[in-house]
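See structure below.
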Amino acid sequence: MKPRVYPVLMLAFALFCPVLQAQDFVWAPDFPVGSTIPLLDAPDEQGNQQTLSTLTGEQGLVLFFARSFDWCPFCKAQFKDLIEKQSGFNDRGYNIATITYDPVATLAVVAEDQQPGFPLLHDEAITHVNAYGILNTDNAPGSFAYGVPQPGILVISPQGIILAKFSEENFRERPDLSWVFEQLDKL
């Protein structure tokens, strides 16, 4: 009977390890749902300073932290999806905005090319990435990608309270917007 216990234990370990590992990842750990955002004050693609009060919709703001719309293929794909589905946010009373370390001039080119219909914010000196504690530490200071966040989405009330947050541990994966819509409908 003992020889069968070992394989059963190994199987149980193999089945539960991925669950335990998945639970280890917490995006923006210092800012759980229900807490107040630390900061939102950044120039948009036209150089106009934007804040929560200038960005929020009736229900709030859905803020997308992205790596780069200039060179990141995963961000570009998410951006395209966001443009196509932005009415789903607006219909629920939420405005949307994105924030990346891309310079204002780069964001202006992206906005001109893509016509997103929502603000593209520049995270000057990675102030927001640092304030939210979401700096992707895989990139060393001085590298071209230093300053990018671990991508994610914050749902923020007009008063600055975090209502929900979404992210994936692997920066190549992004939360499905249909699922995000389902979660918004529950708020």
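Every chain in the structure tokens takes a letter, A first, then B, and so on in the order presented; its residues are numbered from 1, and the ligands are numbered from 1 following the presented order.
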
Could you give me, as a Markdown table, a per-residue list for segment 40-97 of chain A showing, wherever an atom lies at most 12 Å from an atom of segment 117-131 of chain A, the closest pair of atoms and their distance in Å to one decimal, using only C-alpha atoms and sorting by chain then residue number from low to high?
| residue | atom | partner | partner_atom | distance |
| --- | --- | --- | --- | --- |
| A:Leu40 | CA | A:His128 | CA | 7.2 |
| A:Asp41 | CA | A:His128 | CA | 8.5 |
| A:Ala42 | CA | A:Leu121 | CA | 6.0 |
| A:Pro43 | CA | A:Leu121 | CA | 5.6 |
| A:Asp44 | CA | A:Leu121 | CA | 4.2 |
| A:Glu45 | CA | A:Leu120 | CA | 5.5 |
| A:Gln46 | CA | A:Leu120 | CA | 8.8 |
| A:Gly47 | CA | A:His122 | CA | 8.7 |
| A:Asn48 | CA | A:Leu121 | CA | 9.3 |
| A:Gln49 | CA | A:Leu121 | CA | 8.8 |
| A:Gln50 | CA | A:Leu121 | CA | 7.9 |
| A:Thr51 | CA | A:Leu121 | CA | 10.0 |
| A:Leu52 | CA | A:Leu121 | CA | 11.8 |
| A:Thr54 | CA | A:Pro119 | CA | 10.4 |
| A:Leu55 | CA | A:Pro119 | CA | 8.2 |
| A:Thr56 | CA | A:Pro119 | CA | 11.2 |
| A:Gly57 | CA | A:Phe118 | CA | 11.7 |
| A:Leu61 | CA | A:Phe118 | CA | 11.1 |
| A:Val62 | CA | A:Phe118 | CA | 10.9 |
| A:Leu63 | CA | A:Leu121 | CA | 9.8 |
| A:Phe64 | CA | A:Leu120 | CA | 9.5 |
| A:Phe65 | CA | A:Val129 | CA | 8.4 |
| A:Ala66 | CA | A:Leu121 | CA | 10.1 |
| A:Arg67 | CA | A:Val129 | CA | 10.3 |
| A:Ser68 | CA | A:His122 | CA | 10.2 |
| A:Phe69 | CA | A:Leu120 | CA | 9.6 |
| A:Phe79 | CA | A:Leu120 | CA | 10.3 |
| A:Lys80 | CA | A:Gly117 | CA | 11.8 |
| A:Leu82 | CA | A:Phe118 | CA | 9.8 |
| A:Ile83 | CA | A:Gly117 | CA | 7.6 |
| A:Glu84 | CA | A:Gly117 | CA | 10.4 |
| A:Lys85 | CA | A:Gly117 | CA | 11.3 |
| A:Gln86 | CA | A:Gly117 | CA | 8.4 |
| A:Ser87 | CA | A:Gly117 | CA | 10.1 |
| A:Phe89 | CA | A:Phe118 | CA | 11.2 |
| A:Asn90 | CA | A:Phe118 | CA | 10.4 |
| A:Tyr94 | CA | A:Phe118 | CA | 11.3 |
| A:Asn95 | CA | A:Phe118 | CA | 7.8 |
| A:Ile96 | CA | A:Phe118 | CA | 6.2 |
| A:Ala97 | CA | A:Pro119 | CA | 5.0 |

Produce a file of the selected residues containing N, CA, C and O atoms, as a compact mmCIF listing (two decimals), in the first residue's frame.
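As written to disk, selection-v7.txt reads:
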# COMPACT_ATOMS: atom_id res chain seq x y z
N LEU A 40 -2.58 60.62 -9.75
CA LEU A 40 -2.98 60.60 -11.16
C LEU A 40 -2.91 62.05 -11.65
O LEU A 40 -3.83 62.84 -11.46
N ASP A 41 -1.79 62.37 -12.27
CA ASP A 41 -1.52 63.72 -12.75
C ASP A 41 -0.43 63.60 -13.81
O ASP A 41 0.75 63.48 -13.48
N ALA A 42 -0.85 63.59 -15.09
CA ALA A 42 0.10 63.32 -16.16
C ALA A 42 -0.32 64.03 -17.44
O ALA A 42 -1.51 64.23 -17.68
N PRO A 43 0.67 64.39 -18.29
CA PRO A 43 0.32 64.99 -19.58
C PRO A 43 -0.22 63.94 -20.55
O PRO A 43 0.21 62.79 -20.54
N ASP A 44 -1.16 64.37 -21.38
CA ASP A 44 -1.68 63.48 -22.41
C ASP A 44 -0.88 63.64 -23.70
O ASP A 44 0.13 64.35 -23.74
N GLU A 45 -1.35 63.01 -24.76
CA GLU A 45 -0.64 63.00 -26.04
C GLU A 45 -0.52 64.39 -26.66
O GLU A 45 0.29 64.60 -27.56
N GLN A 46 -1.30 65.35 -26.19
CA GLN A 46 -1.22 66.72 -26.69
C GLN A 46 -0.47 67.63 -25.72
O GLN A 46 -0.37 68.84 -25.96
N GLY A 47 0.03 67.06 -24.64
CA GLY A 47 0.76 67.84 -23.65
C GLY A 47 -0.12 68.50 -22.60
O GLY A 47 0.39 69.24 -21.75
N ASN A 48 -1.41 68.24 -22.64
CA ASN A 48 -2.33 68.81 -21.65
C ASN A 48 -2.31 67.97 -20.37
O ASN A 48 -2.42 66.74 -20.43
N GLN A 49 -2.17 68.64 -19.24
CA GLN A 49 -2.13 67.94 -17.96
C GLN A 49 -3.51 67.37 -17.64
O GLN A 49 -4.52 68.07 -17.75
N GLN A 50 -3.54 66.09 -17.27
CA GLN A 50 -4.79 65.40 -16.95
C GLN A 50 -4.73 64.88 -15.51
O GLN A 50 -3.67 64.47 -15.04
N THR A 51 -5.87 64.90 -14.85
CA THR A 51 -5.99 64.38 -13.49
C THR A 51 -7.23 63.50 -13.43
O THR A 51 -8.00 63.42 -14.40
N LEU A 52 -7.45 62.89 -12.29
CA LEU A 52 -8.65 62.07 -12.14
C LEU A 52 -9.91 62.89 -12.44
O LEU A 52 -10.80 62.42 -13.15
N THR A 54 -10.33 65.38 -14.44
CA THR A 54 -10.50 65.69 -15.87
C THR A 54 -10.75 64.43 -16.70
O THR A 54 -11.21 64.53 -17.84
N LEU A 55 -10.45 63.28 -16.14
CA LEU A 55 -10.54 62.03 -16.89
C LEU A 55 -11.77 61.18 -16.57
O LEU A 55 -12.21 60.40 -17.40
N THR A 56 -12.30 61.32 -15.39
CA THR A 56 -13.31 60.39 -14.90
C THR A 56 -14.66 60.55 -15.60
O THR A 56 -15.04 61.64 -16.02
N GLY A 57 -15.36 59.42 -15.73
CA GLY A 57 -16.73 59.42 -16.22
C GLY A 57 -17.68 59.40 -15.04
O GLY A 57 -17.27 59.51 -13.88
N LEU A 61 -13.17 55.89 -13.79
CA LEU A 61 -12.14 55.79 -14.82
C LEU A 61 -11.57 54.39 -14.84
O LEU A 61 -11.30 53.81 -13.79
N VAL A 62 -11.37 53.86 -16.04
CA VAL A 62 -10.64 52.61 -16.20
C VAL A 62 -9.29 53.01 -16.79
O VAL A 62 -9.21 53.51 -17.91
N LEU A 63 -8.24 52.82 -15.99
CA LEU A 63 -6.89 53.25 -16.35
C LEU A 63 -6.05 52.04 -16.70
O LEU A 63 -5.89 51.14 -15.88
N PHE A 64 -5.52 52.04 -17.92
CA PHE A 64 -4.70 50.94 -18.42
C PHE A 64 -3.23 51.33 -18.33
O PHE A 64 -2.81 52.28 -18.98
N PHE A 65 -2.47 50.61 -17.53
CA PHE A 65 -1.02 50.78 -17.47
C PHE A 65 -0.40 49.87 -18.53
O PHE A 65 -0.57 48.65 -18.47
N ALA A 66 0.28 50.47 -19.50
CA ALA A 66 0.88 49.71 -20.59
C ALA A 66 2.39 49.94 -20.62
O ALA A 66 2.89 50.94 -20.11
N ARG A 67 3.09 49.02 -21.24
CA ARG A 67 4.55 49.13 -21.35
C ARG A 67 4.92 50.19 -22.38
O ARG A 67 5.57 51.16 -22.05
N SER A 68 4.53 50.00 -23.63
CA SER A 68 4.86 50.96 -24.68
C SER A 68 3.98 50.71 -25.90
O SER A 68 3.84 49.56 -26.33
N PHE A 69 3.42 51.77 -26.44
CA PHE A 69 2.68 51.66 -27.69
C PHE A 69 3.61 51.84 -28.89
O PHE A 69 3.19 51.70 -30.03
N PHE A 79 -4.12 47.66 -27.10
CA PHE A 79 -4.56 48.99 -27.49
C PHE A 79 -5.60 48.90 -28.60
O PHE A 79 -6.65 49.56 -28.55
N LYS A 80 -5.33 48.08 -29.58
CA LYS A 80 -6.27 47.89 -30.69
C LYS A 80 -7.60 47.34 -30.16
O LYS A 80 -8.68 47.82 -30.54
N LEU A 82 -8.76 47.66 -27.15
CA LEU A 82 -9.37 48.71 -26.35
C LEU A 82 -10.09 49.74 -27.22
O LEU A 82 -11.21 50.16 -26.90
N ILE A 83 -9.49 50.11 -28.33
CA ILE A 83 -10.13 51.04 -29.26
C ILE A 83 -11.44 50.45 -29.78
O ILE A 83 -12.47 51.12 -29.81
N GLU A 84 -11.39 49.17 -30.16
CA GLU A 84 -12.58 48.51 -30.71
C GLU A 84 -13.70 48.36 -29.68
O GLU A 84 -14.87 48.38 -30.04
N LYS A 85 -13.33 48.23 -28.40
CA LYS A 85 -14.34 47.94 -27.37
C LYS A 85 -14.57 49.10 -26.40
O LYS A 85 -15.24 48.93 -25.39
N GLN A 86 -14.06 50.29 -26.73
CA GLN A 86 -14.18 51.40 -25.79
C GLN A 86 -15.62 51.77 -25.48
O GLN A 86 -15.93 52.21 -24.37
N SER A 87 -16.53 51.57 -26.41
CA SER A 87 -17.93 51.90 -26.15
C SER A 87 -18.50 51.05 -25.01
O SER A 87 -19.40 51.49 -24.30
N PHE A 89 -17.03 50.39 -22.27
CA PHE A 89 -16.72 51.11 -21.04
C PHE A 89 -17.60 52.35 -20.93
O PHE A 89 -18.20 52.61 -19.89
N ASN A 90 -17.66 53.10 -22.02
CA ASN A 90 -18.44 54.34 -22.02
C ASN A 90 -19.92 54.07 -21.74
O ASN A 90 -20.55 54.83 -20.99
N TYR A 94 -18.05 54.62 -17.65
CA TYR A 94 -16.63 54.77 -17.36
C TYR A 94 -15.90 55.41 -18.54
O TYR A 94 -16.12 55.02 -19.69
N ASN A 95 -15.06 56.35 -18.25
CA ASN A 95 -14.10 56.82 -19.25
C ASN A 95 -12.88 55.93 -19.15
O ASN A 95 -12.66 55.26 -18.14
N ILE A 96 -12.08 55.94 -20.21
CA ILE A 96 -10.85 55.16 -20.20
C ILE A 96 -9.67 56.05 -20.56
O ILE A 96 -9.82 57.07 -21.22
N ALA A 97 -8.52 55.64 -20.08
CA ALA A 97 -7.25 56.30 -20.40
C ALA A 97 -6.16 55.25 -20.29
O ALA A 97 -6.32 54.24 -19.60

Kindly provide the residues of segment 33-73 of chain A that approach segment 156-173 of chain A to within 7 Å, each paired with its closest atom pair and their distance in Å to one decimal, based on only C-alpha atoms, listed by chain and increasing number, as CSV.
residue,atom,partner,partner_atom,distance
A:Val33,CA,A:Ile162,CA,5.0
A:Gly34,CA,A:Ile162,CA,5.3
A:Ser35,CA,A:Ile161,CA,5.6
A:Thr36,CA,A:Ile161,CA,4.5
A:Ile37,CA,A:Gly160,CA,5.7
A:Thr56,CA,A:Pro158,CA,5.8
A:Gln59,CA,A:Ser157,CA,6.3
A:Gly60,CA,A:Ser157,CA,4.3
A:Leu61,CA,A:Ile156,CA,5.1
A:Val62,CA,A:Ile156,CA,6.3

- Query: What are the DSSP strand (DSSP E or B) residues of segment 58-100 of chain A, as number ranges by chain?
  - Reply: A: 60-65, 94-100

- Return the single residue from A:Asp30, A:Asp81, A:Asp113, A:Asp24 that is closest to Gly133 of chain A, with distances computed using only C-alpha atoms.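 The answer is A:Asp30, which sits nearest to Gly133 of chain A.
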
- Spatial neighbours of Trp179 of chain A, max dist 12 Å, only C-alpha atoms, sep filter under 4 positions, as a list in words: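 My reading of the contact set: Gly88, Phe166, Ser167, Arg174, Pro175, Gln183, Leu184, Asp185 and Lys186 of chain A.
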
- Of the listed residues A:Cys72, A:Ala77, A:Ala105, A:Ile99, that which approaches Leu154 of chain A most closely, counting only C-alpha atoms: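 Checking each candidate against Leu154 of chain A, we get A:Ile99 as the closest.
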
- Nearest candidate to Leu135 of chain A (options A:Asp176, A:Trp27, A:Gln114, A:Glu182; using only C-alpha atoms):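 Ranked by minimum distance to Leu135 of chain A, first place goes to A:Trp27.
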
- Task: In Å, rounded to a single decimal, give me how far atom CA of Gln78 of chain A is from atom CA of Ala28 of chain A.
- Result: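 Here the two named atoms are 19.6 Å from each other.
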